[in-house]
file data.json (JSON, C-alpha atoms (C1' of nucleotides))
[["chain", "number", "residue", "atom", "x", "y", "z"],
["A", 180, "MET", "CA", 0.00, 0.00, 0.00],
["A", 181, "PRO", "CA", 2.59, 2.58, -1.01],
["A", 182, "ALA", "CA", -0.16, 4.99, -2.05],
["A", 183, "SER", "CA", -0.83, 5.06, -5.76],
["A", 184, "LEU", "CA", 0.38, 7.71, -8.14],
["A", 185, "ASP", "CA", -3.27, 8.72, -8.33],
["A", 186, "THR", "CA", -3.46, 9.66, -4.69],
["A", 187, "VAL", "CA", -0.02, 11.26, -4.60],
["A", 188, "PHE", "CA", -0.54, 13.47, -7.63],
["A", 189, "SER", "CA", -4.06, 14.49, -6.70],
["A", 190, "ALA", "CA", -2.88, 15.31, -3.19],
["A", 191, "LEU", "CA", -0.18, 17.51, -4.72],
["A", 192, "ALA", "CA", -2.66, 19.20, -7.06],
["A", 193, "ASP", "CA", -4.05, 21.46, -4.33],
["A", 194, "PRO", "CA", -2.08, 24.64, -3.46],
["A", 195, "THR", "CA", -3.16, 24.54, 0.17],
["A", 196, "ARG", "CA", -1.76, 21.06, 0.52],
["A", 197, "ARG", "CA", 1.48, 21.99, -1.21],
["A", 198, "ALA", "CA", 1.80, 24.94, 1.15],
["A", 199, "ILE", "CA", 1.30, 22.61, 4.10],
["A", 200, "LEU", "CA", 4.05, 20.34, 2.81],
["A", 201, "ALA", "CA", 6.36, 23.33, 2.45],
["A", 202, "MET", "CA", 5.63, 24.32, 6.03],
["A", 203, "LEU", "CA", 6.35, 20.83, 7.27],
["A", 204, "LEU", "CA", 9.64, 20.92, 5.43],
["A", 205, "GLU", "CA", 10.86, 23.35, 8.06],
["A", 206, "ASP", "CA", 9.54, 21.53, 11.09],
["A", 207, "ASP", "CA", 7.02, 19.04, 12.41],
["A", 208, "MET", "CA", 3.81, 20.74, 13.47],
["A", 209, "ALA", "CA", 0.62, 20.13, 15.39],
["A", 210, "VAL", "CA", -2.64, 20.27, 13.42],
["A", 211, "THR", "CA", -3.70, 23.50, 15.07],
["A", 212, "ASP", "CA", -0.39, 25.12, 14.23],
["A", 213, "VAL", "CA", -0.60, 23.96, 10.63],
["A", 214, "ALA", "CA", -4.02, 25.57, 10.39],
["A", 215, "GLU", "CA", -3.04, 28.86, 11.98],
["A", 216, "PRO", "CA", -1.74, 30.77, 8.94],
["A", 217, "PHE", "CA", -4.63, 29.73, 6.70],
["A", 218, "SER", "CA", -7.88, 31.59, 6.54],
["A", 219, "MET", "CA", -10.04, 28.53, 6.58],
["A", 220, "SER", "CA", -11.57, 26.36, 9.24],
["A", 221, "LEU", "CA", -9.59, 23.91, 11.27],
["A", 222, "ALA", "CA", -11.82, 21.14, 9.98],
["A", 223, "ALA", "CA", -10.87, 21.95, 6.41],
["A", 224, "ILE", "CA", -7.18, 21.77, 7.25],
["A", 225, "SER", "CA", -7.77, 18.54, 9.10],
["A", 226, "LYS", "CA", -9.28, 17.05, 5.95],
["A", 227, "HIS", "CA", -6.33, 18.21, 3.89],
["A", 228, "LEU", "CA", -4.01, 16.51, 6.34],
["A", 229, "VAL", "CA", -5.95, 13.28, 6.03],
["A", 230, "ILE", "CA", -5.60, 13.43, 2.28],
["A", 231, "LEU", "CA", -1.85, 14.04, 2.57],
["A", 232, "ALA", "CA", -1.55, 11.17, 5.01],
["A", 233, "ASP", "CA", -3.56, 8.82, 2.79],
["A", 234, "ALA", "CA", -1.18, 9.69, -0.02],
["A", 235, "GLY", "CA", 1.69, 8.79, 2.26],
["A", 236, "LEU", "CA", 3.13, 12.28, 2.01],
["A", 237, "ILE", "CA", 2.96, 12.95, 5.72],
["A", 238, "ALA", "CA", 2.64, 10.91, 8.90],
["A", 239, "ARG", "CA", 0.38, 11.81, 11.79],
["A", 240, "GLU", "CA", 1.47, 10.81, 15.26],
["A", 241, "LYS", "CA", -0.68, 11.37, 18.31],
["A", 242, "ARG", "CA", 1.21, 12.42, 21.42],
["A", 243, "GLY", "CA", -1.12, 13.35, 24.21],
["A", 244, "ARG", "CA", -4.01, 15.26, 22.78],
["A", 245, "VAL", "CA", -1.84, 16.79, 20.10],
["A", 246, "ILE", "CA", -1.34, 15.19, 16.71],
["A", 247, "TRP", "CA", 2.05, 15.89, 15.23],
["A", 248, "CYS", "CA", 2.44, 16.00, 11.48],
["A", 249, "LYS", "CA", 5.74, 15.24, 9.85],
["A", 250, "LEU", "CA", 6.84, 15.08, 6.28],
["A", 251, "GLU", "CA", 7.23, 11.59, 4.81],
["A", 252, "PRO", "CA", 9.47, 12.33, 1.86],
["A", 253, "ASP", "CA", 9.71, 8.74, 0.67],
["A", 254, "ALA", "CA", 6.22, 8.88, -0.76],
["A", 255, "MET", "CA", 7.22, 11.47, -3.26],
["A", 256, "ARG", "CA", 9.99, 9.33, -4.60],
["A", 257, "ALA", "CA", 7.73, 7.08, -6.64],
["A", 258, "ALA", "CA", 6.07, 10.03, -8.28],
["A", 259, "SER", "CA", 9.40, 11.72, -8.82],
["A", 260, "VAL", "CA", 10.83, 8.63, -10.46],
["A", 261, "TRP", "CA", 7.81, 8.38, -12.70],
["A", 262, "MET", "CA", 8.20, 11.97, -13.80],
["A", 263, "GLN", "CA", 11.90, 11.74, -14.39],
["A", 264, "GLY", "CA", 11.21, 9.12, -17.01],
["A", 265, "PHE", "CA", 9.90, 11.95, -19.19],
["A", 266, "GLY", "CA", 13.01, 13.79, -20.16],
["A", 267, "GLN", "CA", 16.20, 13.98, -18.20],
["A", 268, "PHE", "CA", 15.97, 16.89, -15.84],
["A", 269, "GLU", "CA", 19.11, 18.50, -14.67],
["A", 270, "PRO", "CA", 20.19, 17.02, -11.35],
["A", 271, "VAL", "CA", 18.52, 18.37, -8.24],
["A", 272, "ASP", "CA", 18.38, 22.14, -8.43],
["A", 273, "LEU", "CA", 17.67, 23.43, -4.97],
["A", 274, "ASP", "CA", 17.90, 27.06, -5.98],
["A", 275, "ALA", "CA", 15.05, 26.60, -8.40],
["A", 276, "PHE", "CA", 13.15, 24.84, -5.67],
["A", 277, "GLU", "CA", 13.62, 27.78, -3.32],
["A", 278, "ARG", "CA", 12.26, 30.11, -5.97],
["A", 279, "PHE", "CA", 9.19, 27.97, -6.42],
["A", 280, "LEU", "CA", 8.56, 27.93, -2.72],
["A", 281, "GLN", "CA", 8.81, 31.69, -2.62],
["A", 282, "GLU", "CA", 6.32, 32.05, -5.43],
["A", 283, "GLU", "CA", 3.91, 29.61, -3.91],
["A", 284, "LEU", "CA", 4.04, 30.90, -0.39],
["A", 285, "ALA", "CA", 4.39, 34.62, -0.94],
["A", 286, "GLU", "CA", 3.35, 35.97, -4.30],
["A", 287, "GLY", "CA", 0.97, 33.52, -5.80],
["A", 288, "ASN", "CA", -2.36, 31.86, -5.47],
["A", 289, "GLY", "CA", -2.20, 32.71, -1.78],
["A", 290, "PRO", "CA", -3.37, 29.70, 0.09],
["A", 291, "LEU", "CA", -2.37, 31.80, 3.05],
["A", 292, "GLN", "CA", -4.42, 34.85, 2.23],
["A", 293, "LYS", "CA", -7.82, 34.71, 0.67],
["A", 294, "ASP", "CA", -9.06, 36.91, -2.14],
["A", 295, "GLN", "CA", -5.77, 37.33, -3.81],
["A", 296, "GLY", "CA", -5.49, 37.54, -7.57],
["A", 297, "LEU", "CA", -4.63, 34.28, -9.25],
["A", 298, "ASP", "CA", -2.47, 34.04, -12.30],
["A", 299, "PRO", "CA", -4.94, 34.68, -15.10],
["A", 300, "GLU", "CA", -5.40, 31.43, -16.93],
["B", 73, "MET", "CA", 2.23, 31.20, -18.48],
["B", 74, "PRO", "CA", 4.23, 28.02, -17.95],
["B", 75, "ALA", "CA", 1.19, 26.21, -16.57],
["B", 76, "SER", "CA", 0.91, 26.24, -12.82],
["B", 77, "LEU", "CA", 1.83, 23.40, -10.54],
["B", 78, "ASP", "CA", -1.91, 23.12, -9.96],
["B", 79, "THR", "CA", -2.67, 22.27, -13.54],
["B", 80, "VAL", "CA", 0.34, 20.02, -14.00],
["B", 81, "PHE", "CA", -0.27, 17.94, -10.90],
["B", 82, "SER", "CA", -4.00, 17.63, -11.44],
["B", 83, "ALA", "CA", -3.38, 16.63, -15.04],
["B", 84, "LEU", "CA", -1.03, 13.94, -13.77],
["B", 85, "ALA", "CA", -3.52, 12.76, -11.16],
["B", 86, "ASP", "CA", -5.62, 10.83, -13.67],
["B", 87, "PRO", "CA", -4.46, 7.34, -14.68],
["B", 88, "THR", "CA", -5.87, 7.66, -18.18],
["B", 89, "ARG", "CA", -3.86, 10.80, -18.75],
["B", 90, "ARG", "CA", -0.69, 9.23, -17.37],
["B", 91, "ALA", "CA", -1.23, 6.28, -19.70],
["B", 92, "ILE", "CA", -1.59, 8.67, -22.63],
["B", 93, "LEU", "CA", 1.68, 10.34, -21.68],
["B", 94, "ALA", "CA", 3.37, 6.96, -21.52],
["B", 95, "MET", "CA", 2.06, 6.11, -24.99],
["B", 96, "LEU", "CA", 3.33, 9.41, -26.37],
["B", 97, "LEU", "CA", 6.70, 8.66, -24.88],
["B", 98, "GLU", "CA", 7.12, 6.04, -27.59],
["B", 99, "ASP", "CA", 5.85, 8.08, -30.49],
["B", 100, "ASP", "CA", 3.75, 11.02, -31.58],
["B", 101, "MET", "CA", 0.16, 10.00, -32.26],
["B", 102, "ALA", "CA", -3.04, 11.25, -33.81],
["B", 103, "VAL", "CA", -6.01, 11.78, -31.50],
["B", 104, "THR", "CA", -7.90, 8.82, -32.92],
["B", 105, "ASP", "CA", -4.91, 6.56, -32.43],
["B", 106, "VAL", "CA", -4.46, 7.75, -28.85],
["B", 107, "ALA", "CA", -8.08, 6.87, -28.19],
["B", 108, "GLU", "CA", -7.97, 3.45, -29.81],
["B", 109, "PRO", "CA", -6.74, 1.29, -26.90],
["B", 110, "PHE", "CA", -9.08, 2.88, -24.37],
["B", 111, "SER", "CA", -12.59, 1.73, -23.80],
["B", 112, "MET", "CA", -14.10, 5.16, -23.65],
["B", 113, "SER", "CA", -15.45, 7.59, -26.18],
["B", 114, "LEU", "CA", -13.27, 9.64, -28.49],
["B", 115, "ALA", "CA", -14.77, 12.79, -26.99],
["B", 116, "ALA", "CA", -13.58, 11.76, -23.54],
["B", 117, "ILE", "CA", -10.04, 11.23, -24.80],
["B", 118, "SER", "CA", -10.19, 14.52, -26.64],
["B", 119, "LYS", "CA", -11.00, 16.25, -23.34],
["B", 120, "HIS", "CA", -8.11, 14.51, -21.63],
["B", 121, "LEU", "CA", -5.81, 15.73, -24.37],
["B", 122, "VAL", "CA", -7.02, 19.29, -23.88],
["B", 123, "ILE", "CA", -6.26, 19.03, -20.19],
["B", 124, "LEU", "CA", -2.78, 17.69, -20.90],
["B", 125, "ALA", "CA", -2.20, 20.46, -23.42],
["B", 126, "ASP", "CA", -3.42, 23.16, -21.02],
["B", 127, "ALA", "CA", -0.96, 21.82, -18.49],
["B", 128, "GLY", "CA", 1.75, 22.14, -21.11],
["B", 129, "LEU", "CA", 2.49, 18.43, -20.95],
["B", 130, "ILE", "CA", 1.74, 17.81, -24.61],
["B", 131, "ALA", "CA", 1.48, 19.88, -27.79],
["B", 132, "ARG", "CA", -1.22, 19.44, -30.42],
["B", 133, "GLU", "CA", -0.39, 20.22, -34.03],
["B", 134, "LYS", "CA", -2.97, 20.09, -36.79],
["B", 135, "ARG", "CA", -1.74, 18.69, -40.09],
["B", 136, "GLY", "CA", -4.54, 18.25, -42.55],
["B", 137, "ARG", "CA", -7.53, 16.88, -40.72],
["B", 138, "VAL", "CA", -5.34, 14.96, -38.31],
["B", 139, "ILE", "CA", -4.14, 16.45, -35.04],
["B", 140, "TRP", "CA", -0.80, 15.11, -33.93],
["B", 141, "CYS", "CA", -0.02, 14.94, -30.23],
["B", 142, "LYS", "CA", 3.53, 15.02, -28.98],
["B", 143, "LEU", "CA", 5.03, 14.95, -25.56],
["B", 144, "GLU", "CA", 6.29, 18.27, -24.20],
["B", 145, "PRO", "CA", 8.64, 17.07, -21.50],
["B", 146, "ASP", "CA", 9.76, 20.52, -20.41],
["B", 147, "ALA", "CA", 6.48, 21.14, -18.64],
["B", 148, "MET", "CA", 7.24, 18.48, -16.12],
["B", 149, "ARG", "CA", 10.47, 20.09, -15.09],
["B", 150, "ALA", "CA", 8.90, 22.67, -12.78],
["B", 151, "ALA", "CA", 6.91, 20.03, -11.00],
["B", 152, "SER", "CA", 9.90, 17.75, -10.82],
["B", 153, "VAL", "CA", 12.07, 20.47, -9.36],
["B", 154, "TRP", "CA", 9.40, 21.24, -6.79],
["B", 155, "MET", "CA", 9.21, 17.61, -5.74],
["B", 156, "GLN", "CA", 12.93, 17.11, -5.57],
["B", 157, "GLY", "CA", 13.06, 19.76, -2.89],
["B", 158, "PHE", "CA", 11.45, 17.22, -0.58],
["B", 159, "GLY", "CA", 14.22, 14.81, 0.12],
["B", 160, "GLN", "CA", 17.13, 14.03, -2.11],
["B", 161, "PHE", "CA", 16.09, 11.28, -4.42],
["B", 162, "GLU", "CA", 18.70, 9.05, -5.87],
["B", 163, "PRO", "CA", 19.67, 10.22, -9.34],
["B", 164, "VAL", "CA", 17.38, 9.26, -12.18],
["B", 165, "ASP", "CA", 16.47, 5.61, -11.90],
["B", 166, "LEU", "CA", 15.13, 4.49, -15.24],
["B", 167, "ASP", "CA", 14.70, 0.90, -14.17],
["B", 168, "ALA", "CA", 12.28, 1.96, -11.49],
["B", 169, "PHE", "CA", 10.52, 4.07, -14.08],
["B", 170, "GLU", "CA", 10.12, 1.10, -16.38],
["B", 171, "ARG", "CA", 8.60, -0.91, -13.57],
["B", 172, "PHE", "CA", 6.09, 1.82, -12.85],
["B", 173, "LEU", "CA", 5.11, 2.00, -16.47],
["B", 174, "GLN", "CA", 4.57, -1.74, -16.52],
["B", 175, "GLU", "CA", 2.36, -1.58, -13.46],
["B", 176, "GLU", "CA", 0.36, 1.30, -14.77],
["B", 177, "LEU", "CA", -0.14, 0.02, -18.26],
["B", 178, "ALA", "CA", -0.54, -3.67, -17.66],
["B", 179, "GLU", "CA", -1.46, -4.82, -14.20],
["B", 180, "GLY", "CA", -3.08, -1.95, -12.44],
["B", 181, "ASN", "CA", -6.07, 0.31, -12.43],
["B", 182, "GLY", "CA", -6.52, -0.56, -16.11],
["B", 183, "PRO", "CA", -7.13, 2.67, -17.90],
["B", 184, "LEU", "CA", -6.96, 0.41, -20.91],
["B", 185, "GLN", "CA", -9.54, -2.12, -19.85],
["B", 186, "LYS", "CA", -12.61, -1.28, -17.87],
["B", 187, "ASP", "CA", -13.95, -3.20, -14.92],
["B", 188, "GLN", "CA", -10.65, -4.32, -13.59],
["B", 189, "GLY", "CA", -9.97, -4.62, -9.89],
["B", 190, "LEU", "CA", -8.23, -1.68, -8.32],
["B", 191, "ASP", "CA", -5.77, -2.01, -5.53],
["B", 192, "PRO", "CA", -8.01, -2.01, -2.46],
["B", 193, "GLU", "CA", -7.47, 1.20, -0.65],
["C", 44, "DG", "C1'", -14.86, 15.89, 38.61],
["C", 45, "DC", "C1'", -14.88, 19.63, 35.45],
["C", 46, "DC", "C1'", -13.68, 22.79, 32.16],
["C", 47, "DA", "C1'", -10.68, 23.98, 28.40],
["C", 48, "DT", "C1'", -8.06, 22.41, 24.45],
["C", 49, "DA", "C1'", -7.18, 19.50, 20.28],
["C", 50, "DT", "C1'", -9.03, 17.13, 16.65],
["C", 51, "DT", "C1'", -12.36, 14.68, 14.09],
["C", 52, "DC", "C1'", -17.17, 13.52, 12.60],
["C", 53, "DA", "C1'", -21.49, 14.38, 10.19],
["C", 54, "DA", "C1'", -24.37, 16.78, 7.44],
["C", 55, "DC", "C1'", -24.76, 19.98, 4.10],
["C", 56, "DC", "C1'", -23.64, 23.03, -0.06],
["C", 57, "DG", "C1'", -21.88, 24.78, -4.61],
["C", 58, "DT", "C1'", -18.55, 23.70, -8.04],
["C", 59, "DC", "C1'", -15.45, 20.85, -10.64],
["C", 60, "DT", "C1'", -14.59, 16.35, -12.98],
["C", 61, "DG", "C1'", -14.93, 12.53, -15.99],
["C", 62, "DG", "C1'", -17.85, 10.31, -18.58],
["C", 63, "DT", "C1'", -21.88, 9.87, -22.03],
["C", 64, "DT", "C1'", -24.46, 10.99, -26.51],
["C", 65, "DG", "C1'", -25.60, 13.45, -30.65],
["C", 66, "DA", "C1'", -24.86, 17.28, -33.67],
["C", 67, "DC", "C1'", -21.53, 19.99, -35.92],
["C", 68, "DG", "C1'", -17.39, 22.01, -38.78],
["C", 69, "DA", "C1'", -13.25, 20.82, -41.42],
["C", 70, "DT", "C1'", -10.74, 18.07, -44.51],
["C", 71, "DT", "C1'", -9.83, 14.33, -47.67],
["C", 72, "DG", "C1'", -10.51, 11.51, -51.62],
["C", 73, "DA", "C1'", -13.14, 9.26, -55.19],
["D", 94, "DT", "C1'", -19.85, 17.10, -55.50],
["D", 95, "DC", "C1'", -20.62, 14.00, -52.00],
["D", 96, "DA", "C1'", -19.68, 10.78, -48.65],
["D", 97, "DA", "C1'", -16.55, 9.34, -45.21],
["D", 98, "DT", "C1'", -13.21, 10.51, -41.65],
["D", 99, "DC", "C1'", -11.20, 13.44, -37.87],
["D", 100, "DG", "C1'", -11.94, 15.96, -34.04],
["D", 101, "DT", "C1'", -14.54, 19.22, -31.12],
["D", 102, "DC", "C1'", -18.73, 21.24, -29.13],
["D", 103, "DA", "C1'", -22.86, 21.31, -26.25],
["D", 104, "DA", "C1'", -25.87, 19.47, -23.09],
["D", 105, "DC", "C1'", -26.39, 16.47, -19.66],
["D", 106, "DC", "C1'", -25.37, 13.27, -15.58],
["D", 107, "DA", "C1'", -23.44, 11.08, -11.29],
["D", 108, "DG", "C1'", -20.01, 11.45, -8.18],
["D", 109, "DA", "C1'", -15.89, 13.63, -6.13],
["D", 110, "DC", "C1'", -13.95, 17.86, -4.11],
["D", 111, "DG", "C1'", -13.22, 21.77, -1.06],
["D", 112, "DG", "C1'", -15.32, 24.37, 1.97],
["D", 113, "DT", "C1'", -18.74, 25.46, 5.92],
["D", 114, "DT", "C1'", -20.98, 24.76, 10.63],
["D", 115, "DG", "C1'", -22.14, 22.39, 14.84],
["D", 116, "DA", "C1'", -21.82, 18.38, 17.64],
["D", 117, "DA", "C1'", -18.92, 14.70, 19.38],
["D", 118, "DT", "C1'", -14.69, 12.56, 21.25],
["D", 119, "DA", "C1'", -10.36, 12.40, 23.46],
["D", 120, "DT", "C1'", -6.91, 14.30, 26.58],
["D", 121, "DG", "C1'", -4.75, 17.49, 29.98],
["D", 122, "DG", "C1'", -4.69, 20.54, 33.97],
["D", 123, "DC", "C1'", -6.64, 22.35, 38.08]]
call {"tool": "encode", "arguments": {"input": "data.json", "output": "structure tokens"}}
result
Amino acid sequence: MPASLDTVFSALADPTRRAILAMLLEDDMAVTDVAEPFSMSLAAISKHLVILADAGLIAREKRGRVIWCKLEPDAMRAASVWMQGFGQFEPVDLDAFERFLQEELAEGNGPLQKDQGLDPE
Amino acid sequence: MPASLDTVFSALADPTRRAILAMLLEDDMAVTDVAEPFSMSLAAISKHLVILADAGLIAREKRGRVIWCKLEPDAMRAASVWMQGFGQFEPVDLDAFERFLQEELAEGNGPLQKDQGLDPE
DNA sequence: GCCATATTCAACCGTCTGGTTGACGATTGA
DNA sequence: TCAATCGTCAACCAGACGGTTGAATATGGC
């Protein structure tokens, strides 16, 4: 049950969930803390976390009454391998990654702030 | 307008569309030929191709009355870079990629044949 | 024991998705 | 010219998705 490509890619398709993953990249977090910067209900974030967990992208561990979420980077490997079959991408480019994170978290499609202009499509 | 991560990942989230990409990896194809192995209507496949094209994953070129579809591997680079930020994956593993293609095309979730058992989730 | 905190559950809602069918426009070829 | 082929469009449908709210279920602290 290594979570199908279906579940992994569709989990990654949502900007809120990608933002959550980016947050967890810095540190493990409790559900409430994950939800804090978003302008949506805790229940909504909780559902997103379930989806990420079902995809194997994060793990949820209950300690006391707090559930800690941590990144589970292995799950992305399958998807990454699949993608790399389509054209040889230059070896890991962390600078480019940083730029994407910036765009996603700050400028763009603000999962963090509502009512922000999206890139016109 | 290099097609957002949103559109790329949600395009990749559908097994039919991933199968189409895998087919195009071998050769450029006309729409009708893409549709042939699938047990769904031509119109459905046509819609999938539009989604893939909007995501920048393929290009459609009309020659005569035939529309040729070709892979556009660059579009995956952004998504791939994003993913590689989460954990250093071992450098391109084409064997693993072949295995995934096998599973997707043959065994699994049959986008090619209907009514086939899915992995119980 | 009791109240506050942390998280999920359940029901609901509007919108998007993936499929169908049938009609339509464009192009080819006889 | 006329029929066949290629592909999309339009309308429709069932089900999934992303969000809401309010109640329910732990757990912790006093």
call {"tool": "interface_residues", "arguments": {"input": "data.json", "of": "chain A", "to": "chain D", "cutoff": "7 Å", "atoms": "all atoms listed in the file", "output": "ChimeraX atom specification"}}
result
/A:223,243-244
call {"tool": "interface_residues", "arguments": {"input": "data.json", "of": "chain A", "to": "chain C", "cutoff": "12 Å", "atoms": "all atoms listed in the file", "output": "number ranges by chain"}}
result
A: 209-212, 214, 221-226, 228-229, 239, 241-247
call {"tool": "interface_residues", "arguments": {"input": "data.json", "of": "chain A", "to": "chain B", "cutoff": "6 Å", "atoms": "all atoms listed in the file", "output": "MDAnalysis selection string"}}
result
chainID A and resid 185 188:189 192 252 260:261 264:266 276
call {"tool": "atom_distance", "arguments": {"input": "data.json", "atom1": "CA of Leu231 in chain A", "atom2": "CA of Arg196 in chain A"}}
result
7.3 Å
call {"tool": "atom_distance", "arguments": {"input": "data.json", "atom1": "CA of Ile199 in chain A", "atom2": "CA of Gly235 in chain A"}}
result
13.9 Å
call {"tool": "atom_distance", "arguments": {"input": "data.json", "atom1": "CA of Ser111 in chain B", "atom2": "CA of Ala131 in chain B"}}
result
23.3 Å
